[in-house]
Amino acid sequence: MQDAWWQRPATAQAAAVRSGEVSAAELVESHLERIAAVNPQVNAVTQLLAERAREAAEETDRRRAAGDALGPLAGVPFTVKESTPIAGVPTTFGVKRFRDLVAAADAPPVARLRAAGAIPIGHSNMPTLILAGMHTRSELFGDTVNPWDRGRTPGGTSGGDAVAVATGMAALGLGNDSGGSIRIPAQFCGVAGLKPTTGRFPADHRVLGPDDPGPASQMLVTDGPLARTVADLRLAYETLAGTDPRDPRAVPVPAYGEPLPGNAKVAVVTDPGGHGVHPTVAKAIQTATEALRDAGYEVCEVPDVPRLDEALDAYNRITVTEFAPNWPMVRTLLGPGGDRYIAMAMEQTPPVTDPAEVMRLMGTWLNIRRSWAEFLADHPLVLGPSFTEPPVEPGLESRDRAGRDRVASAMRLCTATSFVGVPAVAVPTGLTDGLPCGVQIIGRAFREDLCLDAAQAIEDRLGVLTPVGPVGVG
């Protein structure tokens with residue numbers, strides 16, 4: 001029996017729309033039916049754009065009937081994190097006071113996906129204002145449920161997109177990542193995710209008004225896709241890469257670089273920083289190592305990545321210092337208990353008040369990036385964990401200092417790689433005790449193609465875990 005359209009990969013969906021095997025209208029309706037069946041169980045899609053999606057699908061079908069060439073993502077439904085604007089729809093950030101802030105225009109990545117023929121089908125849940133923690137719980141929309149186990153978090157902050165993609169409510173999700181916000185929910189939900197190089201995808205992360213955020217927010221936050229297969233992730237990558245006049249940071253680097261001489265070298269780091277790793281995660285890394293070796297990669301264990309603890313300290317001090325002046329106002333937006341995660345971070349790492357020390361930290365940032373560039377010159381790829389534990393319970397990071405420290409430690413490789421701005425692809429490796437396991441492949445700046453190639457090799461040998469239905473839904 002042929003799979004329902006919502007079950008198929010984005011690449012197959014788009015090819016079928018272009019060929020006329022299925023209409024875009026039928027494809028959208030298939031996903032809307034899936035959302036109606038599943039979303040009440042998982043609460044991932046927050047603002048459903050059913051009528052807008054139907055209108056966009058009808059326009060796609062009219063264009064095909066007229067003989068127009070359709071884009072590489074023709075008719076493919078995608079979700080968009082509540083922090084990323086869709087024209088004519090409120091960009092709420094999960095905050096009650098922002099529920100009526102209607103976006104005047106699509107954010108650059110939304111516009112790029114639309115131009116390729118993809119159709120936004122809804123906004124997706126996230127932690128309140130991205131700041132309430134790792135677990136996807138917002139003041140405005142409530143908790144999102146991990147479809148594999150209601151007692152485990154789906155991760156975040158792009159957890160709504162990860163769950164929507166994992167359960168077949170959308171073929172693609174558009175999230176963002178400043179320290180694991182794509183890669184962690186990808187690992188927890190059994191999907192693939194891409195955090196690009198800083199400057200690879202154009203974006204606009206202004207929250208209110210015309211003013212841009214400070215250097216940490218400018219450099220650390222990158223938009224990126226989530227998908228069920230690496231091929232779908234690659235198609236989204238090719239669509240999102242490029243320049244845009246709205247983002248002077250985006251650079252015109254080719255999406256594909258020169259082939260590496262010989263077999264690509266992969267440095268395996270099972271326990272970054274030596275702070276401990278859960279046996280199931282260590283096993284996932286070993287499984288991925290064997291898959292890459294089987295694919296012809298030159299795989300070698302290395303003691304560690306460069307200057308991990310120093311990078312974490314600098315990351316925390318720079319971000320807290322940038323954030324501190326706005327904290328009294330921001331705190332009022334986070335709702336009851338929503339301020340605990342950031343409050344604990346600021347108690348642990350007070351903001352820097354000496355301008356000379358701020359300048360020294362900015363120099364340290366560049367110096368650590370240089371160390372990573374030198375390391376990656378010898379090891380073009382790094383294999384390691386996105387999160388050094390299986391999915392944890394919802395809200396652990398906001399419960400108390402011990403919970404927060406445990407989560408911060410588990411996501412340390414994500415934090416460090418965001419700090420140095422290099423690309424990474426999260427890819428599943430299988431199931432353990434009914435929960436997804438996965439790894440991330442980290443690469444040289446602007447060599448997302450190498451990361452995707454390695455992730456594809458892993459997926460080819462270990463398979464795809466999703467779409468999956470939550471308990472009670474097929």
# chains A, B, ... in the order shown; residues from 1 in each chain; ligands from 1
$ residues_around --residues "stretch 291-293 of chain A" --least-positions-apart "6" --cutoff "9 Å" --atoms "only C-alpha atoms" --output "PyMOL selection string"
chain A and resi 266+299+454-455+457-462
$ write_last_selection --atoms "N, CA and C atoms" --output "short mmCIF file (atom, residue, chain, number, x, y, z; two decimals), in the first residue's frame"
data_model
loop_
_atom_site.label_atom_id
_atom_site.label_comp_id
_atom_site.auth_asym_id
_atom_site.auth_seq_id
_atom_site.Cartn_x
_atom_site.Cartn_y
_atom_site.Cartn_z
N VAL A 266 37.75 12.27 9.74
CA VAL A 266 36.74 12.60 10.74
C VAL A 266 37.34 12.40 12.12
N VAL A 299 38.53 7.66 9.94
CA VAL A 299 37.99 8.02 11.25
C VAL A 299 39.05 7.79 12.32
N ALA A 454 28.54 13.42 4.96
CA ALA A 454 28.81 12.46 6.04
C ALA A 454 27.50 12.02 6.69
N ALA A 455 26.58 12.96 6.91
CA ALA A 455 25.28 12.60 7.49
C ALA A 455 24.52 11.65 6.57
N ALA A 457 25.86 9.48 4.56
CA ALA A 457 26.50 8.17 4.68
C ALA A 457 25.99 7.44 5.92
N ILE A 458 25.80 8.18 7.02
CA ILE A 458 25.26 7.57 8.24
C ILE A 458 23.82 7.12 8.02
N GLU A 459 23.02 7.99 7.44
CA GLU A 459 21.62 7.64 7.21
C GLU A 459 21.48 6.46 6.26
N ASP A 460 22.32 6.40 5.23
CA ASP A 460 22.25 5.29 4.27
C ASP A 460 22.45 3.95 4.97
N ARG A 461 23.25 3.92 6.02
CA ARG A 461 23.57 2.67 6.70
C ARG A 461 22.68 2.39 7.91
N LEU A 462 22.11 3.45 8.49
CA LEU A 462 21.35 3.26 9.73
C LEU A 462 19.85 3.52 9.58
#
$ closest_atom_pairs --of "stretch 213-314 of chain A" --to "stretch 430-451 of chain A" --cutoff "7 Å" --atoms "only C-alpha atoms" --output "JSON lines"
{"residue": "A:Tyr256", "atom": "CA", "partner": "A:Asp449", "partner_atom": "CA", "distance": 5.7}
{"residue": "A:Gly257", "atom": "CA", "partner": "A:Arg447", "partner_atom": "CA", "distance": 6.6}
{"residue": "A:Val281", "atom": "CA", "partner": "A:Cys437", "partner_atom": "CA", "distance": 6.8}
{"residue": "A:Ala284", "atom": "CA", "partner": "A:Gly438", "partner_atom": "CA", "distance": 6.1}
{"residue": "A:Ile285", "atom": "CA", "partner": "A:Val439", "partner_atom": "CA", "distance": 6.2}
$ residues_around --residues "stretch 56-69 of chain A" --least-positions-apart "5" --cutoff "7 Å" --atoms "only C-alpha atoms" --output "list in words"
Ser23, Ala24, Ala25, Val28, Gly75 and Ile119 of chain A
$ select_by_dssp --residues "stretch 426-466 of chain A" --states "alpha helix (DSSP H)" --output "PDB file with N, CA and C atoms, in the first residue's frame"
ATOM      1  N   GLU A 448      29.179  23.120   4.716  1.00  0.00           N
ATOM      2  CA  GLU A 448      27.977  22.362   5.035  1.00  0.00           C
ATOM      3  C   GLU A 448      27.855  21.135   4.139  1.00  0.00           C
ATOM      4  N   ASP A 449      28.362  21.248   2.902  1.00  0.00           N
ATOM      5  CA  ASP A 449      28.255  20.125   1.981  1.00  0.00           C
ATOM      6  C   ASP A 449      28.969  18.889   2.504  1.00  0.00           C
ATOM      7  N   LEU A 450      30.126  19.075   3.139  1.00  0.00           N
ATOM      8  CA  LEU A 450      30.847  17.942   3.708  1.00  0.00           C
ATOM      9  C   LEU A 450      30.077  17.327   4.873  1.00  0.00           C
ATOM     10  N   CYS A 451      29.466  18.179   5.687  1.00  0.00           N
ATOM     11  CA  CYS A 451      28.652  17.679   6.807  1.00  0.00           C
ATOM     12  C   CYS A 451      27.459  16.879   6.282  1.00  0.00           C
ATOM     13  N   LEU A 452      26.811  17.386   5.264  1.00  0.00           N
ATOM     14  CA  LEU A 452      25.653  16.708   4.690  1.00  0.00           C
ATOM     15  C   LEU A 452      26.058  15.379   4.053  1.00  0.00           C
ATOM     16  N   ASP A 453      27.208  15.351   3.386  1.00  0.00           N
ATOM     17  CA  ASP A 453      27.681  14.103   2.782  1.00  0.00           C
ATOM     18  C   ASP A 453      27.895  13.032   3.855  1.00  0.00           C
ATOM     19  N   ALA A 454      28.545  13.422   4.957  1.00  0.00           N
ATOM     20  CA  ALA A 454      28.805  12.464   6.036  1.00  0.00           C
ATOM     21  C   ALA A 454      27.499  12.022   6.690  1.00  0.00           C
ATOM     22  N   ALA A 455      26.576  12.960   6.913  1.00  0.00           N
ATOM     23  CA  ALA A 455      25.278  12.604   7.494  1.00  0.00           C
ATOM     24  C   ALA A 455      24.520  11.650   6.574  1.00  0.00           C
ATOM     25  N   GLN A 456      24.624  11.881   5.259  1.00  0.00           N
ATOM     26  CA  GLN A 456      23.969  10.979   4.311  1.00  0.00           C
ATOM     27  C   GLN A 456      24.547   9.570   4.395  1.00  0.00           C
ATOM     28  N   ALA A 457      25.859   9.483   4.556  1.00  0.00           N
ATOM     29  CA  ALA A 457      26.502   8.171   4.684  1.00  0.00           C
ATOM     30  C   ALA A 457      25.994   7.438   5.923  1.00  0.00           C
ATOM     31  N   ILE A 458      25.800   8.182   7.015  1.00  0.00           N
ATOM     32  CA  ILE A 458      25.262   7.569   8.237  1.00  0.00           C
ATOM     33  C   ILE A 458      23.821   7.122   8.017  1.00  0.00           C
ATOM     34  N   GLU A 459      23.017   7.989   7.438  1.00  0.00           N
ATOM     35  CA  GLU A 459      21.617   7.645   7.207  1.00  0.00           C
ATOM     36  C   GLU A 459      21.483   6.456   6.259  1.00  0.00           C
ATOM     37  N   ASP A 460      22.321   6.397   5.226  1.00  0.00           N
ATOM     38  CA  ASP A 460      22.253   5.294   4.274  1.00  0.00           C
ATOM     39  C   ASP A 460      22.448   3.947   4.966  1.00  0.00           C
ATOM     40  N   ARG A 461      23.247   3.924   6.015  1.00  0.00           N
ATOM     41  CA  ARG A 461      23.572   2.675   6.704  1.00  0.00           C
ATOM     42  C   ARG A 461      22.684   2.394   7.908  1.00  0.00           C
ATOM     43  N   LEU A 462      22.107   3.449   8.487  1.00  0.00           N
ATOM     44  CA  LEU A 462      21.350   3.262   9.726  1.00  0.00           C
ATOM     45  C   LEU A 462      19.854   3.523   9.580  1.00  0.00           C
TER      46      LEU A 462
END
$ residues_around --residues "A:Thr415" --least-positions-apart "6" --cutoff "10 Å" --atoms "only C-alpha atoms" --output "list in words"
Asp177, Ser178, Gly179, Gly180, Ser181, Leu220, Leu308, Ala311, Leu312, Tyr315, Asn316, Ser386, Ala408, Ser409 and Gly421 of chain A
$ closest_atom_pairs --of "stretch 39-99 of chain A" --to "stretch 205-210 of chain A" --cutoff "10 Å" --atoms "only C-alpha atoms" --output "tab-separated table"
residue	atom	partner	partner_atom	distance
A:Ser83	CA	A:Val207	CA	8.2
A:Thr84	CA	A:His205	CA	7.8
A:Pro85	CA	A:His205	CA	9.4
A:Thr91	CA	A:Val207	CA	9.0
A:Thr92	CA	A:Val207	CA	9.9
A:Phe93	CA	A:Val207	CA	9.0
A:Phe98	CA	A:Leu208	CA	10.0
$ write_last_selection --atoms "N, CA and C atoms" --output "JSON list (two decimals), in the first residue's frame"
[["chain", "number", "residue", "atom", "x", "y", "z"],
["A", 83, "SER", "N", 9.26, 32.67, 16.41],
["A", 83, "SER", "CA", 10.14, 33.84, 16.44],
["A", 83, "SER", "C", 10.47, 34.38, 15.07],
["A", 84, "THR", "N", 10.04, 33.70, 14.00],
["A", 84, "THR", "CA", 10.42, 34.06, 12.64],
["A", 84, "THR", "C", 9.21, 34.56, 11.87],
["A", 85, "PRO", "N", 9.25, 35.78, 11.35],
["A", 85, "PRO", "CA", 8.05, 36.39, 10.76],
["A", 85, "PRO", "C", 7.56, 35.71, 9.49],
["A", 91, "THR", "N", 3.90, 37.45, 14.94],
["A", 91, "THR", "CA", 5.14, 36.82, 15.38],
["A", 91, "THR", "C", 5.16, 36.94, 16.89],
["A", 92, "THR", "N", 4.67, 35.93, 17.59],
["A", 92, "THR", "CA", 4.37, 36.09, 19.01],
["A", 92, "THR", "C", 5.54, 35.80, 19.94],
["A", 93, "PHE", "N", 6.54, 35.05, 19.51],
["A", 93, "PHE", "CA", 7.60, 34.58, 20.40],
["A", 93, "PHE", "C", 7.03, 33.80, 21.59],
["A", 98, "PHE", "N", 2.60, 39.74, 22.82],
["A", 98, "PHE", "CA", 2.96, 39.88, 21.41],
["A", 98, "PHE", "C", 1.94, 39.21, 20.48]]
$ closest_residue --among "A:Pro325, A:Arg401, A:Arg246, A:Ala171" --to "A:Asp212" --atoms "only C-alpha atoms"
A:Arg246
$ select_by_dssp --residues "stretch 323-438 of chain A" --states "strand (DSSP E)" --output "list of chain:residue names"
A:Leu381, A:Val382, A:Leu383, A:Gly384, A:Ala424, A:Val425, A:Ala426, A:Val427, A:Pro428, A:Thr429, A:Gly430, A:Leu431, A:Thr432, A:Leu435, A:Pro436, A:Cys437, A:Gly438
$ closest_residue --among "A:Ala356, A:Ala192, A:Ala116, A:Val253" --to "A:Ala231" --atoms "only C-alpha atoms"
A:Ala192
$ residues_around --residues "A:Ala410" --least-positions-apart "2" --cutoff "10 Å" --atoms "only C-alpha atoms" --output "list in words"
Ile184, Asp271, Pro272, His275, Gly276, Val277, His278, Pro385, Ser386, Phe387, Thr388, Glu389, Pro390, Arg404, Asp405, Arg406, Val407, Ala408, Arg412, Leu413, Cys414 and Thr415 of chain A
$ write_last_selection --atoms "N, CA and C atoms" --output "compact mmCIF listing (two decimals), in the first residue's frame"
# COMPACT_ATOMS: atom_id res chain seq x y z
N ILE A 184 19.56 19.81 19.15
CA ILE A 184 19.06 19.06 20.31
C ILE A 184 17.66 18.51 20.06
N ASP A 271 33.38 12.41 24.32
CA ASP A 271 33.10 13.11 25.58
C ASP A 271 33.79 14.48 25.57
N PRO A 272 33.20 15.46 24.91
CA PRO A 272 33.84 16.78 24.82
C PRO A 272 34.13 17.36 26.20
N HIS A 275 33.66 15.80 30.52
CA HIS A 275 32.69 16.03 31.59
C HIS A 275 31.67 14.91 31.74
N GLY A 276 31.82 13.85 30.96
CA GLY A 276 30.92 12.72 31.07
C GLY A 276 29.95 12.62 29.91
N VAL A 277 29.62 11.37 29.56
CA VAL A 277 28.66 11.12 28.48
C VAL A 277 27.90 9.85 28.82
N HIS A 278 26.59 9.86 28.57
CA HIS A 278 25.74 8.72 28.87
C HIS A 278 26.11 7.55 27.95
N PRO A 385 28.55 14.31 20.09
CA PRO A 385 27.15 14.37 20.53
C PRO A 385 26.55 15.76 20.37
N SER A 386 25.26 15.81 20.08
CA SER A 386 24.54 17.08 20.20
C SER A 386 24.20 17.33 21.66
N PHE A 387 23.83 16.27 22.37
CA PHE A 387 23.47 16.33 23.78
C PHE A 387 24.00 15.05 24.39
N THR A 388 24.71 15.13 25.50
CA THR A 388 25.43 13.96 26.00
C THR A 388 24.56 13.02 26.85
N GLU A 389 23.26 13.23 26.83
CA GLU A 389 22.32 12.34 27.51
C GLU A 389 21.15 12.02 26.58
N PRO A 390 20.39 10.97 26.87
CA PRO A 390 19.11 10.79 26.19
C PRO A 390 18.17 11.94 26.56
N ARG A 404 19.85 22.91 35.82
CA ARG A 404 20.37 23.81 34.80
C ARG A 404 21.80 23.46 34.42
N ASP A 405 22.64 23.18 35.42
CA ASP A 405 24.03 22.84 35.14
C ASP A 405 24.14 21.54 34.35
N ARG A 406 23.27 20.59 34.66
CA ARG A 406 23.29 19.31 33.95
C ARG A 406 22.96 19.50 32.48
N VAL A 407 21.95 20.29 32.18
CA VAL A 407 21.57 20.54 30.79
C VAL A 407 22.64 21.34 30.07
N ALA A 408 23.17 22.38 30.72
CA ALA A 408 24.22 23.19 30.09
C ALA A 408 25.44 22.35 29.75
N ARG A 412 27.09 21.08 25.66
CA ARG A 412 28.31 21.88 25.57
C ARG A 412 28.95 21.92 24.19
N LEU A 413 28.89 20.82 23.44
CA LEU A 413 29.50 20.85 22.11
C LEU A 413 28.69 21.71 21.15
N CYS A 414 27.37 21.73 21.32
CA CYS A 414 26.53 22.64 20.53
C CYS A 414 26.87 24.09 20.84
N THR A 415 27.00 24.41 22.13
CA THR A 415 27.31 25.78 22.53
C THR A 415 28.63 26.23 21.93
$ closest_residue --among "A:Gly384, A:Pro196, A:Pro279, A:Pro350" --to "A:Ala255" --atoms "only C-alpha atoms"
A:Pro196
$ atom_distance --atom1 "atom CA of A:Met219" --atom2 "atom CA of A:Pro154"
25.6 Å
